[in-house]
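Have a look at data30.cif below; it lists mmCIF, C-alpha atoms.
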```cif
data_input
#
loop_
_atom_site.label_atom_id
_atom_site.label_comp_id
_atom_site.auth_asym_id
_atom_site.auth_seq_id
_atom_site.Cartn_x
_atom_site.Cartn_y
_atom_site.Cartn_z
CA MET A 17 70.73 71.88 -1.61
CA SER A 18 71.21 72.12 2.17
CA ASP A 19 70.68 75.91 2.13
CA VAL A 20 67.26 75.65 0.50
CA MET A 21 64.28 76.37 2.77
CA LEU A 22 61.71 73.64 2.40
CA GLY A 23 57.97 73.80 2.93
CA MET A 24 55.47 76.63 2.72
CA PRO A 25 56.58 80.27 3.17
CA THR A 26 57.55 81.19 6.73
CA THR A 27 56.14 84.72 6.53
CA PRO A 28 52.46 85.07 7.53
CA PRO A 29 50.35 84.24 4.46
CA PRO A 30 47.78 86.77 3.22
CA VAL A 31 44.18 86.37 4.34
CA LEU A 32 41.06 87.66 2.64
CA SER A 33 39.78 89.64 5.61
CA GLU A 34 40.49 90.41 9.24
CA ARG A 35 38.45 88.42 11.71
CA ARG A 36 35.33 90.01 13.12
CA LYS A 37 36.05 91.09 16.68
CA THR A 38 34.22 88.87 19.17
CA ARG A 39 34.09 87.99 22.80
CA GLN A 40 36.55 85.27 23.75
CA LEU A 41 35.49 81.90 25.15
CA GLN A 42 37.43 78.97 26.49
CA VAL A 43 35.97 75.61 25.47
CA GLY A 44 38.14 73.30 27.49
CA SER A 45 41.67 73.71 26.13
CA VAL A 46 40.49 75.43 22.93
CA GLY A 47 40.07 79.17 22.69
CA VAL A 48 37.04 80.28 20.69
CA GLY A 49 36.71 83.78 19.33
CA SER A 50 38.60 86.30 17.25
CA ASP A 51 41.73 86.03 19.41
CA SER A 52 42.02 82.32 18.53
CA PRO A 53 42.30 80.35 15.28
CA VAL A 54 39.07 79.16 13.67
CA SER A 55 38.50 75.70 15.12
CA VAL A 56 37.11 72.58 13.45
CA GLN A 57 34.37 70.53 15.06
CA SER A 58 32.62 67.28 14.29
CA MET A 59 30.09 65.06 16.00
CA THR A 60 30.23 61.41 16.94
CA THR A 61 27.82 58.97 15.33
CA THR A 62 28.05 56.35 18.06
CA VAL A 63 25.52 55.81 20.82
CA THR A 64 27.00 58.01 23.53
CA ALA A 65 26.10 55.51 26.24
CA ASP A 66 28.59 53.12 24.57
CA ILE A 67 31.56 54.79 26.19
CA ASN A 68 34.27 52.69 24.54
CA ALA A 69 32.88 53.09 21.02
CA THR A 70 32.41 56.82 21.52
CA LEU A 71 35.93 57.30 22.86
CA GLN A 72 37.31 55.25 19.96
CA GLN A 73 35.59 57.52 17.46
CA ILE A 74 36.76 60.62 19.33
CA ALA A 75 40.32 59.26 19.14
CA GLU A 76 39.96 58.87 15.36
CA LEU A 77 38.64 62.42 15.07
CA THR A 78 41.48 63.72 17.23
CA ALA A 79 44.04 61.99 15.01
CA ALA A 80 42.40 63.58 11.95
CA GLY A 81 42.87 67.05 13.41
CA CYS A 82 39.49 67.72 15.03
CA ASP A 83 39.65 70.45 17.69
CA ILE A 84 36.31 70.01 19.46
CA VAL A 85 33.84 67.10 19.39
CA ARG A 86 30.10 67.06 20.07
CA VAL A 87 28.22 64.05 21.43
CA ALA A 88 24.47 63.49 21.44
CA CYS A 89 22.61 63.14 24.73
CA PRO A 90 19.04 62.02 24.07
CA SER A 91 18.69 59.63 27.03
CA GLN A 92 19.59 59.19 30.69
CA ASP A 93 22.07 56.46 29.77
CA ASP A 94 23.84 58.93 27.50
CA ALA A 95 23.87 61.56 30.23
CA ASP A 96 25.37 59.02 32.64
CA ALA A 97 28.22 58.37 30.19
CA LEU A 98 29.21 62.02 29.77
CA SER A 99 31.48 62.21 32.79
CA ALA A 100 33.74 59.35 31.66
CA ILE A 101 33.80 60.57 28.06
CA ALA A 102 34.62 64.17 28.99
CA ARG A 103 37.36 63.00 31.35
CA LYS A 104 39.04 60.58 28.94
CA SER A 105 38.72 62.49 25.66
CA GLN A 106 41.87 64.21 24.42
CA ILE A 107 39.84 67.08 22.94
CA PRO A 108 37.03 69.14 24.49
CA VAL A 109 33.62 67.46 24.51
CA ILE A 110 30.38 69.37 23.93
CA ALA A 111 27.10 67.77 25.00
CA ASP A 112 24.31 68.19 22.45
CA ILE A 113 20.98 68.60 24.25
CA HIS A 114 17.47 68.49 22.80
CA PHE A 115 14.02 68.11 24.33
CA GLN A 116 14.97 67.45 27.98
CA PRO A 117 16.34 70.39 29.99
CA LYS A 118 17.47 68.07 32.79
CA TYR A 119 20.26 66.82 30.53
CA VAL A 120 21.65 70.35 30.29
CA PHE A 121 22.31 70.28 34.02
CA ALA A 122 23.64 66.73 33.82
CA ALA A 123 26.14 67.72 31.11
CA ILE A 124 27.35 70.70 33.11
CA GLU A 125 27.75 68.56 36.23
CA ALA A 126 29.58 65.90 34.19
CA GLY A 127 32.32 68.37 33.28
CA CYS A 128 31.62 68.77 29.59
CA ALA A 129 33.65 71.59 28.05
CA ALA A 130 30.47 73.23 26.72
CA VAL A 131 26.80 72.48 26.18
CA ARG A 132 24.82 73.00 22.99
CA VAL A 133 21.16 73.77 23.51
CA ASN A 134 18.42 74.08 20.89
CA PRO A 135 15.84 76.39 22.45
CA GLY A 136 13.29 75.59 19.75
CA ASN A 137 12.78 72.03 20.96
CA ILE A 138 13.57 72.06 24.68
CA ARG A 139 10.31 72.18 26.60
CA LYS A 140 9.83 75.39 28.60
CA PHE A 141 13.47 76.31 27.92
CA ASP A 142 12.99 80.04 28.46
CA ASP A 143 11.55 79.36 31.93
CA GLN A 144 14.79 77.64 32.98
CA VAL A 145 17.37 80.04 31.58
CA LYS A 146 18.08 81.50 35.02
CA GLU A 147 18.91 78.11 36.51
CA ILE A 148 20.92 77.01 33.46
CA ALA A 149 22.88 80.27 33.45
CA GLN A 150 23.71 79.88 37.14
CA ALA A 151 24.82 76.28 36.78
CA ALA A 152 26.96 77.12 33.73
CA LYS A 153 28.47 80.12 35.51
CA ASP A 154 29.28 78.06 38.61
CA HIS A 155 31.13 75.47 36.50
CA GLY A 156 32.65 77.83 33.92
CA THR A 157 30.78 76.08 31.13
CA PRO A 158 30.08 77.97 27.88
CA ILE A 159 26.71 77.55 26.21
CA ARG A 160 26.13 77.30 22.46
CA ILE A 161 22.73 78.50 21.41
CA GLY A 162 22.13 76.34 18.36
CA VAL A 163 19.17 77.40 16.26
CA ASN A 164 18.17 75.07 13.42
CA ALA A 165 15.78 75.75 10.56
CA GLY A 166 14.10 72.40 11.14
CA SER A 167 13.34 73.05 14.81
CA LEU A 168 12.63 76.75 14.99
CA ASP A 169 10.49 78.03 17.85
CA LYS A 170 6.84 77.86 16.82
CA ARG A 171 6.31 81.50 17.77
CA LEU A 172 8.82 82.60 15.18
CA MET A 173 7.43 80.19 12.61
CA GLU A 174 4.05 81.84 13.11
CA LYS A 175 5.59 85.30 12.79
CA TYR A 176 7.71 84.69 9.67
CA GLY A 177 5.92 81.76 8.05
CA LYS A 178 9.16 79.81 7.57
CA ALA A 179 12.77 79.70 8.69
CA THR A 180 13.96 82.96 7.10
CA PRO A 181 17.35 84.49 7.89
CA GLU A 182 15.55 87.07 10.02
CA ALA A 183 13.71 84.36 11.96
CA LEU A 184 16.90 82.40 12.65
CA ALA A 185 18.81 85.48 13.80
CA GLU A 186 15.93 86.75 15.95
CA SER A 187 15.58 83.38 17.67
CA ALA A 188 19.27 83.23 18.59
CA LEU A 189 19.48 86.84 19.74
CA TRP A 190 16.34 86.47 21.85
CA GLU A 191 17.76 83.48 23.70
CA ALA A 192 21.12 85.21 24.15
CA SER A 193 19.33 88.21 25.65
CA LEU A 194 17.66 85.96 28.22
CA PHE A 195 21.07 84.68 29.35
CA ALA A 196 22.42 88.24 29.37
CA GLU A 197 19.63 89.23 31.75
CA HIS A 198 21.23 86.88 34.26
CA ASP A 199 24.72 88.23 33.54
CA PHE A 200 25.79 85.18 31.59
CA HIS A 201 27.76 85.97 28.44
CA ASP A 202 29.89 82.85 27.77
CA ILE A 203 27.83 82.17 24.68
CA LYS A 204 28.47 81.21 21.09
CA ILE A 205 25.74 81.06 18.50
CA SER A 206 24.87 79.02 15.44
CA VAL A 207 21.96 79.52 13.04
CA LYS A 208 22.01 76.58 10.65
CA HIS A 209 20.01 76.06 7.50
CA ASN A 210 20.35 73.57 4.64
CA ASP A 211 20.30 76.38 2.07
CA PRO A 212 23.70 78.12 1.98
CA VAL A 213 22.16 81.41 0.81
CA VAL A 214 19.72 81.56 3.74
CA MET A 215 22.43 80.42 6.14
CA VAL A 216 24.93 83.06 4.99
CA ARG A 217 22.40 85.85 5.31
CA ALA A 218 21.40 84.71 8.80
CA TYR A 219 25.00 84.83 9.99
CA GLU A 220 25.51 88.25 8.40
CA LEU A 221 22.51 89.54 10.34
CA LEU A 222 23.88 88.04 13.56
CA ALA A 223 27.36 89.43 13.02
CA ALA A 224 25.92 92.92 12.64
CA GLN A 225 23.95 92.71 15.88
CA CYS A 226 26.19 90.99 18.42
CA ASP A 227 29.79 90.26 19.33
CA TYR A 228 29.31 86.63 20.34
CA PRO A 229 31.54 84.04 18.65
CA LEU A 230 29.73 82.28 15.81
CA HIS A 231 29.80 78.58 14.96
CA LEU A 232 29.26 78.04 11.22
CA GLY A 233 27.39 75.14 9.72
CA VAL A 234 25.17 74.21 6.79
CA THR A 235 22.85 71.71 8.42
CA GLU A 236 21.91 68.51 6.60
CA ALA A 237 24.33 69.49 3.85
CA GLY A 238 23.99 66.07 2.22
CA PRO A 239 26.29 63.35 0.86
CA ALA A 240 30.03 63.97 0.77
CA PHE A 241 30.27 65.70 -2.63
CA GLN A 242 27.20 67.90 -2.30
CA GLY A 243 27.84 68.66 1.37
CA THR A 244 31.43 69.63 0.70
CA ILE A 245 30.42 72.08 -2.02
CA LYS A 246 27.59 73.64 0.01
CA SER A 247 29.76 74.01 3.10
CA ALA A 248 32.75 75.37 1.20
CA VAL A 249 30.79 78.08 -0.60
CA ALA A 250 28.90 79.11 2.54
CA PHE A 251 31.95 79.15 4.78
CA GLY A 252 33.99 80.95 2.14
CA ALA A 253 31.34 83.67 1.79
CA LEU A 254 31.33 84.26 5.54
CA LEU A 255 35.01 83.81 6.32
CA ARG A 256 35.71 86.25 3.47
CA GLN A 257 33.98 88.82 5.70
CA GLY A 258 35.85 87.70 8.82
CA ILE A 259 32.71 85.98 10.15
CA GLY A 260 33.11 82.60 11.83
CA ASP A 261 35.01 81.29 14.82
CA THR A 262 34.31 77.54 14.69
CA ILE A 263 33.04 75.39 11.83
CA ARG A 264 31.41 72.02 11.35
CA VAL A 265 31.01 70.44 7.92
CA SER A 266 27.85 68.32 8.17
CA LEU A 267 28.15 65.37 5.81
CA SER A 268 26.30 62.12 5.32
CA ALA A 269 29.70 60.48 5.63
CA PRO A 270 32.02 59.29 8.42
CA PRO A 271 32.88 62.12 10.85
CA VAL A 272 36.58 61.96 9.98
CA GLU A 273 35.65 63.08 6.45
CA GLU A 274 33.95 66.16 7.94
CA VAL A 275 37.20 67.06 9.69
CA LYS A 276 39.29 66.58 6.56
CA VAL A 277 37.01 68.87 4.55
CA GLY A 278 36.87 71.48 7.30
CA LEU A 279 40.62 71.60 7.67
CA GLN A 280 41.09 71.84 3.93
CA ILE A 281 38.67 74.76 3.72
CA LEU A 282 40.59 76.63 6.41
CA GLN A 283 43.96 75.79 4.88
CA SER A 284 42.77 76.97 1.46
CA LEU A 285 41.86 80.35 2.99
CA ASN A 286 45.16 80.58 4.90
CA LEU A 287 43.24 80.37 8.18
CA ARG A 288 45.26 77.29 9.11
CA PRO A 289 48.88 76.52 8.24
CA ARG A 290 48.96 74.62 4.98
CA LYS A 291 50.32 71.12 5.18
CA LEU A 292 50.80 68.76 2.28
CA GLU A 293 49.33 70.16 -0.94
CA ILE A 294 49.32 68.33 -4.25
CA VAL A 295 49.10 70.58 -7.29
CA SER A 296 48.09 68.70 -10.42
CA CYS A 297 47.00 69.79 -13.86
CA PRO A 298 43.46 68.99 -15.08
CA SER A 299 44.92 67.32 -18.17
CA CYS A 300 44.15 68.23 -21.77
CA GLY A 301 45.05 67.17 -25.29
CA ARG A 302 48.68 68.17 -24.69
CA ALA A 303 49.16 65.64 -21.89
CA GLN A 304 51.53 62.83 -22.78
CA VAL A 305 50.95 60.82 -19.60
CA ASP A 306 47.89 59.73 -17.62
CA VAL A 307 47.75 62.70 -15.25
CA TYR A 308 44.65 61.45 -13.43
CA LYS A 309 46.32 58.17 -12.59
CA LEU A 310 49.58 59.83 -11.54
CA ALA A 311 47.79 62.34 -9.30
CA ASP A 312 45.66 59.63 -7.68
CA GLN A 313 48.63 57.39 -7.05
CA VAL A 314 50.78 60.17 -5.58
CA THR A 315 47.88 61.32 -3.41
CA ALA A 316 47.33 57.79 -2.11
CA GLY A 317 51.04 57.26 -1.53
CA LEU A 318 51.41 60.44 0.52
CA GLU A 319 48.12 60.25 2.41
CA GLY A 320 48.58 61.10 6.04
CA MET A 321 51.70 63.24 5.65
CA SER A 322 51.49 66.38 7.77
CA VAL A 323 54.64 68.11 6.59
CA PRO A 324 54.25 71.45 4.76
CA LEU A 325 55.23 70.33 1.27
CA ARG A 326 53.81 71.41 -2.06
CA VAL A 327 54.05 68.60 -4.62
CA ALA A 328 53.32 69.29 -8.31
CA VAL A 329 52.20 66.54 -10.68
CA MET A 330 52.16 67.97 -14.20
CA GLY A 331 51.42 66.29 -17.50
CA CYS A 332 53.01 68.35 -20.28
CA VAL A 333 55.72 70.84 -21.17
CA VAL A 334 53.48 73.95 -21.26
CA ASN A 335 52.84 74.55 -17.54
CA GLY A 336 54.68 71.54 -16.19
CA PRO A 337 58.25 72.82 -15.72
CA GLY A 338 57.09 76.15 -14.32
CA GLU A 339 54.70 74.62 -11.80
CA ALA A 340 57.23 71.95 -10.84
CA ARG A 341 59.90 74.60 -10.22
CA GLU A 342 57.55 76.58 -7.97
CA ALA A 343 56.78 73.55 -5.82
CA ASP A 344 58.98 71.96 -3.18
CA LEU A 345 58.85 68.78 -5.20
CA GLY A 346 57.41 68.11 -8.62
CA VAL A 347 57.42 66.24 -11.88
CA ALA A 348 57.06 67.53 -15.43
CA SER A 349 56.04 64.58 -17.57
CA GLY A 350 56.20 63.82 -21.26
CA ASN A 351 57.47 61.38 -23.87
CA GLY A 352 57.29 58.45 -21.48
CA LYS A 353 59.47 60.00 -18.78
CA GLY A 354 59.40 62.58 -16.05
CA GLN A 355 61.80 65.25 -14.87
CA ILE A 356 61.86 65.33 -11.06
CA PHE A 357 62.31 68.81 -9.55
CA VAL A 358 63.32 69.60 -5.96
CA LYS A 359 63.05 73.30 -5.06
CA GLY A 360 63.30 74.36 -8.68
CA GLN A 361 66.21 72.14 -9.69
CA VAL A 362 66.02 69.00 -11.84
CA VAL A 363 67.52 66.24 -9.73
CA LYS A 364 66.81 63.27 -11.99
CA THR A 365 64.85 62.03 -14.98
CA VAL A 366 63.01 58.73 -14.63
CA PRO A 367 60.80 56.52 -16.82
CA GLU A 368 57.05 57.11 -16.50
CA ALA A 369 56.64 53.84 -14.61
CA GLN A 370 58.96 55.13 -11.86
CA ILE A 371 57.50 58.64 -11.43
CA VAL A 372 55.18 57.82 -8.53
CA GLU A 373 57.73 55.76 -6.65
CA THR A 374 60.39 58.45 -7.09
CA LEU A 375 58.13 61.30 -5.98
CA ILE A 376 57.12 59.41 -2.86
CA GLU A 377 60.73 58.59 -2.03
CA GLU A 378 61.77 62.22 -2.48
CA ALA A 379 58.84 63.44 -0.39
CA MET A 380 59.77 61.08 2.42
CA ARG A 381 63.37 62.22 2.25
CA LEU A 382 62.39 65.89 2.42
CA ALA A 383 60.03 65.17 5.31
CA GLU A 384 62.82 63.49 7.24
CA GLU A 385 65.10 66.46 6.59
CA MET A 386 62.40 68.69 8.07
CA GLY A 387 62.35 66.53 11.18
CA GLU A 388 58.59 65.89 11.03
CA PRO A 389 56.64 62.61 11.13
CA VAL A 390 55.48 61.26 7.80
CA ASP A 391 52.95 58.65 8.88
CA GLY A 392 50.42 60.58 10.98
CA GLU A 393 46.71 60.65 10.34
CA SER A 394 46.34 64.41 9.96
CA GLY A 395 47.15 66.64 7.04
CA ALA A 396 46.09 64.21 4.36
CA PRO A 397 46.77 65.66 0.91
CA THR A 398 44.18 66.85 -1.49
CA VAL A 399 44.45 67.32 -5.22
CA VAL A 400 44.18 70.93 -6.36
CA ALA A 401 43.59 71.41 -10.09
CA VAL A 402 45.86 73.97 -11.74
CA GLY A 403 46.26 74.97 -15.36
#
```
Rewrite the structure of this file - the entire thing - as structure tokens.
Amino acid sequence: MSDVMLGMPTTPPPVLSERRKTRQLQVGSVGVGSDSPVSVQSMTTTVTADINATLQQIAELTAAGCDIVRVACPSQDDADALSAIARKSQIPVIADIHFQPKYVFAAIEAGCAAVRVNPGNIRKFDDQVKEIAQAAKDHGTPIRIGVNAGSLDKRLMEKYGKATPEALAESALWEASLFAEHDFHDIKISVKHNDPVVMVRAYELLAAQCDYPLHLGVTEAGPAFQGTIKSAVAFGALLRQGIGDTIRVSLSAPPVEEVKVGLQILQSLNLRPRKLEIVSCPSCGRAQVDVYKLADQVTAGLEGMSVPLRVAVMGCVVNGPGEAREADLGVASGNGKGQIFVKGQVVKTVPEAQIVETLIEEAMRLAEEMGEPVDGESGAPTVVAVG
């Protein structure tokens, strides 16, 4: 058993497409662009002026695996808090600016790793691009031009009648061109819409017309289930084409849940190293155990493990032994008992009531052999239906 290699394959996993070649940015300690991994972002829900609460939520997001965090800055009190937050955060902080251009300068001066601006709702934004570009250049601060369907420039709304893909792309490219006129190119772009089809087309248009890094997002995606589906299909459609350099899953749910979904999307596409993966059958009339209950209990028992283990929870003798043998650890259940497999070999047979406990014990043992922590907050398992 000691000669068996545990975990996911060590050779580079296949990906669906090569990344679109982009300019490279540095957002604090995180590289953004085709030379860097796709990064996961989220946004705090606290009042930014409450420094302690905001830093606490950033710490939770960091523990969940978030790479970059965005904080809202709608008031002077929020702007005043940016310096302390940017300095104490363990991950790069982006200031999110709407309406008041003075907060763009405040965020740059505060040392934020980047600033997101929404040209459609910042008064006289185009008139201040020169000054913003100079300030950002002086401080080495990248700018994200964030166009949203719900706050599109009125000139483009008049031209197109609504927030079409063409309108979104044109808005972003126009603003980028204004910065380029002042020799500022440390830009990334987002063109968000709540309709995944419109959003995907907008990003395709952008990708064909510029080499700026692109931040993907389906805005106002909805509650956790709906938002997860909309984000997954939209991101998958774009990442399949190599389009996308950072992502944010926008959910009506705690920000940590956004990070979990985002990481899982990237792991599923082999754009991030896979961590713990639970493979479980969908159950059917052949099942001789309660697969749903087993899968839920194993998932709960292993939540938080970050080690690269594939654990199979199977309910019958048709696919069970085969799937269990292919996993690092697995169980093939039936007739009130379960055969426990480790790297393809049956190591023990236990009563059904002891399956969950045994799988968790074996997983912990394998994790310790791999020399990795087993109680972190990142890499929480997800159940993947197979069969």
Take the PyMOL selection byres ((chain A and resi 308) around 10), apply it to the structure above, and return the hits as a count of residues only.
15
I would like the residues chosen by the PyMOL selection byres ((chain A and resi 155) around 12) on the shown file; could you give them as JSON, numbers by chain?
{"A": [44, 121, 122, 123, 124, 125, 126, 127, 128, 129, 130, 131, 148, 149, 150, 151, 152, 153, 154, 156, 157, 158, 159, 202]}
Selection result of the PyMOL selection byres ((chain A and resi 105) around 10) on this file, as a PyMOL selection string
chain A and resi 70-72+74-75+78+85+100-104+106-109
Among the residues A:Val314, A:Cys226, A:Ile84, A:Ala328, the one that comes closest to Gln370 (chain A) [using only C-alpha atoms]
A:Val314
Among the residues A:Ser266, A:Ser349, A:Gln144, A:Asn68, the one that comes closest to Ala240 (chain A) [using only C-alpha atoms]
A:Ser266
Find, counting only C-alpha atoms, the residue in A:Asp211, A:Asp51, A:Asp261, A:Asp66 that gets nearest to Val87 (chain A).
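With only C-alpha atoms as the atom set, the closest residue is A:Asp66.
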Show me as a PyMOL selection string the residues that reach within 10 Å of (52.9, 68.1, -3.4), counting all atoms listed in the file and using the file's own coordinates.
chain A and resi 23+291-296+311+314-315+318+324-329+340+343-347+375-376+379+397-400
Writing out the chosen residues with C-alpha atoms as a short mmCIF file (atom, residue, chain, number, x, y, z; two decimals), in the coordinates of the input:
```
data_model
loop_
_atom_site.label_atom_id
_atom_site.label_comp_id
_atom_site.auth_asym_id
_atom_site.auth_seq_id
_atom_site.Cartn_x
_atom_site.Cartn_y
_atom_site.Cartn_z
CA GLY A 23 57.97 73.80 2.93
CA LYS A 291 50.32 71.12 5.18
CA LEU A 292 50.80 68.76 2.28
CA GLU A 293 49.33 70.16 -0.94
CA ILE A 294 49.32 68.33 -4.25
CA VAL A 295 49.10 70.58 -7.29
CA SER A 296 48.09 68.70 -10.42
CA ALA A 311 47.79 62.34 -9.30
CA VAL A 314 50.78 60.17 -5.58
CA THR A 315 47.88 61.32 -3.41
CA LEU A 318 51.41 60.44 0.52
CA PRO A 324 54.25 71.45 4.76
CA LEU A 325 55.23 70.33 1.27
CA ARG A 326 53.81 71.41 -2.06
CA VAL A 327 54.05 68.60 -4.62
CA ALA A 328 53.32 69.29 -8.31
CA VAL A 329 52.20 66.54 -10.68
CA ALA A 340 57.23 71.95 -10.84
CA ALA A 343 56.78 73.55 -5.82
CA ASP A 344 58.98 71.96 -3.18
CA LEU A 345 58.85 68.78 -5.20
CA GLY A 346 57.41 68.11 -8.62
CA VAL A 347 57.42 66.24 -11.88
CA LEU A 375 58.13 61.30 -5.98
CA ILE A 376 57.12 59.41 -2.86
CA ALA A 379 58.84 63.44 -0.39
CA PRO A 397 46.77 65.66 0.91
CA THR A 398 44.18 66.85 -1.49
CA VAL A 399 44.45 67.32 -5.22
CA VAL A 400 44.18 70.93 -6.36
#
```
Report, in Å with one decimal, the straight-line distance from CA of Leu184 (chain A) to CA of Asp83 (chain A).
26.2 Å
Dump as a compact mmCIF listing (two decimals) with C-alpha atoms, in the frame of the given file all residues having an atom at most 7 Å from (28.7, 76.6, 9.1), computed in the file's coordinates with all atoms listed in the file.
```
# COMPACT_ATOMS: atom_id res chain seq x y z
CA LYS A 208 22.01 76.58 10.65
CA HIS A 231 29.80 78.58 14.96
CA LEU A 232 29.26 78.04 11.22
CA GLY A 233 27.39 75.14 9.72
CA VAL A 234 25.17 74.21 6.79
CA SER A 247 29.76 74.01 3.10
CA PHE A 251 31.95 79.15 4.78
CA ILE A 263 33.04 75.39 11.83
CA ARG A 264 31.41 72.02 11.35
CA VAL A 265 31.01 70.44 7.92
```
For CA of Leu285 (chain A) and CA of Val216 (chain A), quote the distance in Å rounded to one decimal.
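Answer for the CA of Leu285 (chain A) to CA of Val216 (chain A) separation: 17.3 Å.
Across the structure, CA of Arg86 (chain A) and CA of Gln57 (chain A) are spaced 7.4 Å apart.
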Pick the closest to Phe357 (chain A) from A:Pro337, A:Pro30, A:Pro53, A:Gly238: which is it, counting all atoms listed in the file?
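Selected residue with least distance to Phe357 (chain A): A:Pro337.
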Which residues are near Pro289 (chain A)? Cut-off 9 Å, all atoms listed in the file, ignore same chain within fewer than 5 positions. Put them as a list in words.
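My reading of the contact set: Met24, Pro29, Leu282, Gln283 and Pro324 of chain A.
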Do you know which residues are at most 10 Å from Ile259 (chain A) counting only C-alpha atoms, after dropping those on the same chain fewer than 6 positions away, and could you put them as a compact mmCIF listing (two decimals) with C-alpha atoms, in the frame of the given file?
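So the final result, stored in selection_28.txt, reads:
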```txt
# COMPACT_ATOMS: atom_id res chain seq x y z
CA SER A 33 39.78 89.64 5.61
CA GLU A 34 40.49 90.41 9.24
CA ARG A 35 38.45 88.42 11.71
CA ARG A 36 35.33 90.01 13.12
CA LYS A 37 36.05 91.09 16.68
CA THR A 38 34.22 88.87 19.17
CA SER A 50 38.60 86.30 17.25
CA VAL A 54 39.07 79.16 13.67
CA VAL A 216 24.93 83.06 4.99
CA TYR A 219 25.00 84.83 9.99
CA GLU A 220 25.51 88.25 8.40
CA LEU A 222 23.88 88.04 13.56
CA ALA A 223 27.36 89.43 13.02
CA PRO A 229 31.54 84.04 18.65
CA LEU A 230 29.73 82.28 15.81
CA HIS A 231 29.80 78.58 14.96
CA LEU A 232 29.26 78.04 11.22
CA PHE A 251 31.95 79.15 4.78
CA GLY A 252 33.99 80.95 2.14
CA ALA A 253 31.34 83.67 1.79
```
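Proximity ranking of A:Val43, A:Gly177, A:Arg217, A:Pro239 relative to Leu254 (chain A) places A:Arg217 first, based on only C-alpha atoms.
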Mind giving me the axis-aligned box for region 39-42 of chain A with 6 Å on every side, centre plus edges in Å to one decimal, as AutoDock Vina command-line options?
```
--center_x 35.8 --center_y 83.5 --center_z 24.6 --size_x 15.3 --size_y 21.0 --size_z 15.7
```
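Nearest to Leu77 (chain A) of all the residues A:Ala196, A:Val362, A:Leu279, A:Val214 is A:Leu279, counting all atoms listed in the file.
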